[in-house]
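Working notes, structure below.
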Amino acid sequence: MDTMPIGIDGYLDTEPVPGPRDTARFRLISSPTEDVSEESVLACVTGDPRIVHLVLTELRPGDYLHVAGFLTLPDHSNGAVQLQVEALEVLQEVPLALAATAGEDEAADELTFDRYGAYVAISSSATPAVQLWTEAGTWIGIVTDPASIQALITAFEKATRKP
């Protein structure tokens, strides 16, 4: 297997999970442009105790991170590409307003966060409504049909576009 040093920015995709032998595993979504077709999901693992603790206790899906480490390239076509994280910096936490969108009786882990470039869509198993926010925490609106998210983004961009 080949390895190469790499540093990459991306969003924490799902809740991190403990791995074998005091490690933590998580997925990072890297989106170099706002084009969804250019997004990539990268499997990450770390054994650094400080990073393991941070990842498992403080990070939430949607947090914007910079990770650096060594990318492992497989010897064969069906092997997994994985980033061995040696350094992690939280560039931007998911805004607390996003976490506060859950109702009093709704646990935060029942929320689903989806990225649309610079936007975050939050849905809940308790309701068909999907809330849309900017990554900076500005509320854009609510749609009841997930297929309407792109139309809401387009309307927001037209309304906030500077001449």
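Labeling convention for the structure tokens: chains A, B, ... as they appear, residues from 1 per chain, ligands from 1 in order of appearance.
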
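The neighbours of segment 129-136 of chain A here are the residues that come within 8 Å of it, using only C-alpha atoms and leaving out any residue fewer than 2 positions away in the same chain; they are Val94, Pro95, Leu98, Ala118, Tyr119, Val120, Ala121, Ile122, Ser123, Ser124, Thr127, Thr138, Trp139, Ile140, Gly141, Ile142, Val143, Thr144, Asp145, Pro146 and Ile149 of chain A.
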
- [ ] Enumerate, as a PyMOL selection string, the complete set of residues in segment 10-160 of chain A that a backbone-based DSSP assignment places in alpha helix (DSSP H).
- [x] chain A and resi 49-57+96-99+149-160

Open item on the list: Can you tell me which residues surround His66 of chain A at a distance of at most 8 Å, considering only C-alpha atoms, apart from same-chain residues fewer than 3 positions away, and format the answer as a ChimeraX atom specification?
Closed with: /A:7-10,88-91

TODO: Taking the DSSP assignment computed from this structure's backbone, write out as a ChimeraX atom specification all residues of chain A that belong to strand (DSSP E).
DONE: /A:2-12,17-19,23-30,40-46,64-73,82-92,111-116,119-124,127-134,139-143

Dump C-alpha atoms for the selected residues as a short mmCIF file (atom, residue, chain, number, x, y, z; two decimals), in the first residue's frame?
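So out-v1.cif came out as:
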data_model
loop_
_atom_site.label_atom_id
_atom_site.label_comp_id
_atom_site.auth_asym_id
_atom_site.auth_seq_id
_atom_site.Cartn_x
_atom_site.Cartn_y
_atom_site.Cartn_z
CA ASP A 2 1.09 3.52 -0.78
CA THR A 3 0.62 6.47 1.55
CA MET A 4 0.84 10.18 0.87
CA PRO A 5 0.63 13.19 3.19
CA ILE A 6 -2.51 15.26 2.76
CA GLY A 7 -4.44 18.08 4.39
CA ILE A 8 -8.10 18.58 3.57
CA ASP A 9 -11.08 20.62 4.72
CA GLY A 10 -14.51 19.10 4.99
CA TYR A 11 -17.66 18.55 6.99
CA LEU A 12 -18.15 15.79 9.51
CA VAL A 17 -17.70 5.92 16.22
CA PRO A 18 -15.08 4.24 18.42
CA GLY A 19 -12.79 1.91 16.53
CA THR A 23 -9.19 4.64 17.79
CA ALA A 24 -12.01 6.72 16.39
CA ARG A 25 -13.54 6.50 12.93
CA PHE A 26 -15.47 9.17 11.07
CA ARG A 27 -16.39 10.29 7.57
CA LEU A 28 -15.50 13.65 6.11
CA ILE A 29 -17.32 15.23 3.17
CA SER A 30 -15.05 17.39 1.06
CA SER A 40 -16.27 13.20 -2.03
CA VAL A 41 -16.62 11.21 1.17
CA LEU A 42 -13.40 10.20 2.87
CA ALA A 43 -13.13 7.53 5.55
CA CYS A 44 -10.93 8.76 8.42
CA VAL A 45 -9.38 7.03 11.41
CA THR A 46 -7.21 8.34 14.23
CA TYR A 64 -16.32 22.05 9.41
CA LEU A 65 -12.86 20.56 9.98
CA HIS A 66 -9.33 20.67 8.65
CA VAL A 67 -7.64 17.29 8.95
CA ALA A 68 -4.09 16.35 8.06
CA GLY A 69 -2.42 13.00 7.94
CA PHE A 70 -1.57 10.21 5.58
CA LEU A 71 -3.85 8.96 2.85
CA THR A 72 -3.57 5.20 2.38
CA LEU A 73 -3.97 4.08 -1.21
CA GLN A 82 -8.51 5.86 4.20
CA LEU A 83 -7.02 8.92 5.86
CA GLN A 84 -4.94 8.28 8.98
CA VAL A 85 -5.57 11.57 10.82
CA GLU A 86 -2.56 12.98 12.66
CA ALA A 87 -3.91 16.54 13.19
CA LEU A 88 -7.41 17.97 13.39
CA GLU A 89 -8.59 21.56 13.66
CA VAL A 90 -12.21 22.62 14.05
CA LEU A 91 -12.66 25.46 11.57
CA GLN A 92 -16.33 26.07 12.29
CA LEU A 111 -31.93 14.92 13.34
CA THR A 112 -30.42 14.36 9.91
CA PHE A 113 -28.03 16.94 8.48
CA ASP A 114 -27.48 17.08 4.71
CA ARG A 115 -25.07 19.42 2.95
CA TYR A 116 -25.90 21.33 -0.22
CA TYR A 119 -26.15 25.15 2.92
CA VAL A 120 -27.33 22.71 5.59
CA ALA A 121 -30.69 20.96 5.38
CA ILE A 122 -32.02 19.58 8.66
CA SER A 123 -34.75 17.00 8.79
CA SER A 124 -36.29 15.02 11.60
CA THR A 127 -41.91 15.64 10.81
CA PRO A 128 -41.71 15.79 7.00
CA ALA A 129 -40.51 19.42 7.13
CA VAL A 130 -36.92 20.18 6.14
CA GLN A 131 -35.28 23.34 7.49
CA LEU A 132 -32.64 25.03 5.39
CA TRP A 133 -29.79 27.13 6.83
CA THR A 134 -26.59 28.67 5.55
CA TRP A 139 -32.14 30.50 8.54
CA ILE A 140 -33.47 30.37 4.97
CA GLY A 141 -36.79 28.56 5.24
CA ILE A 142 -38.73 25.34 5.52
CA VAL A 143 -39.93 22.98 2.79
#

Task: Two-atom distance - atom CA of Ala80 of chain A, atom CA of Pro16 of chain A (Å) - done: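 Between atom CA of Ala80 of chain A and atom CA of Pro16 of chain A the gap works out to 18.0 Å.
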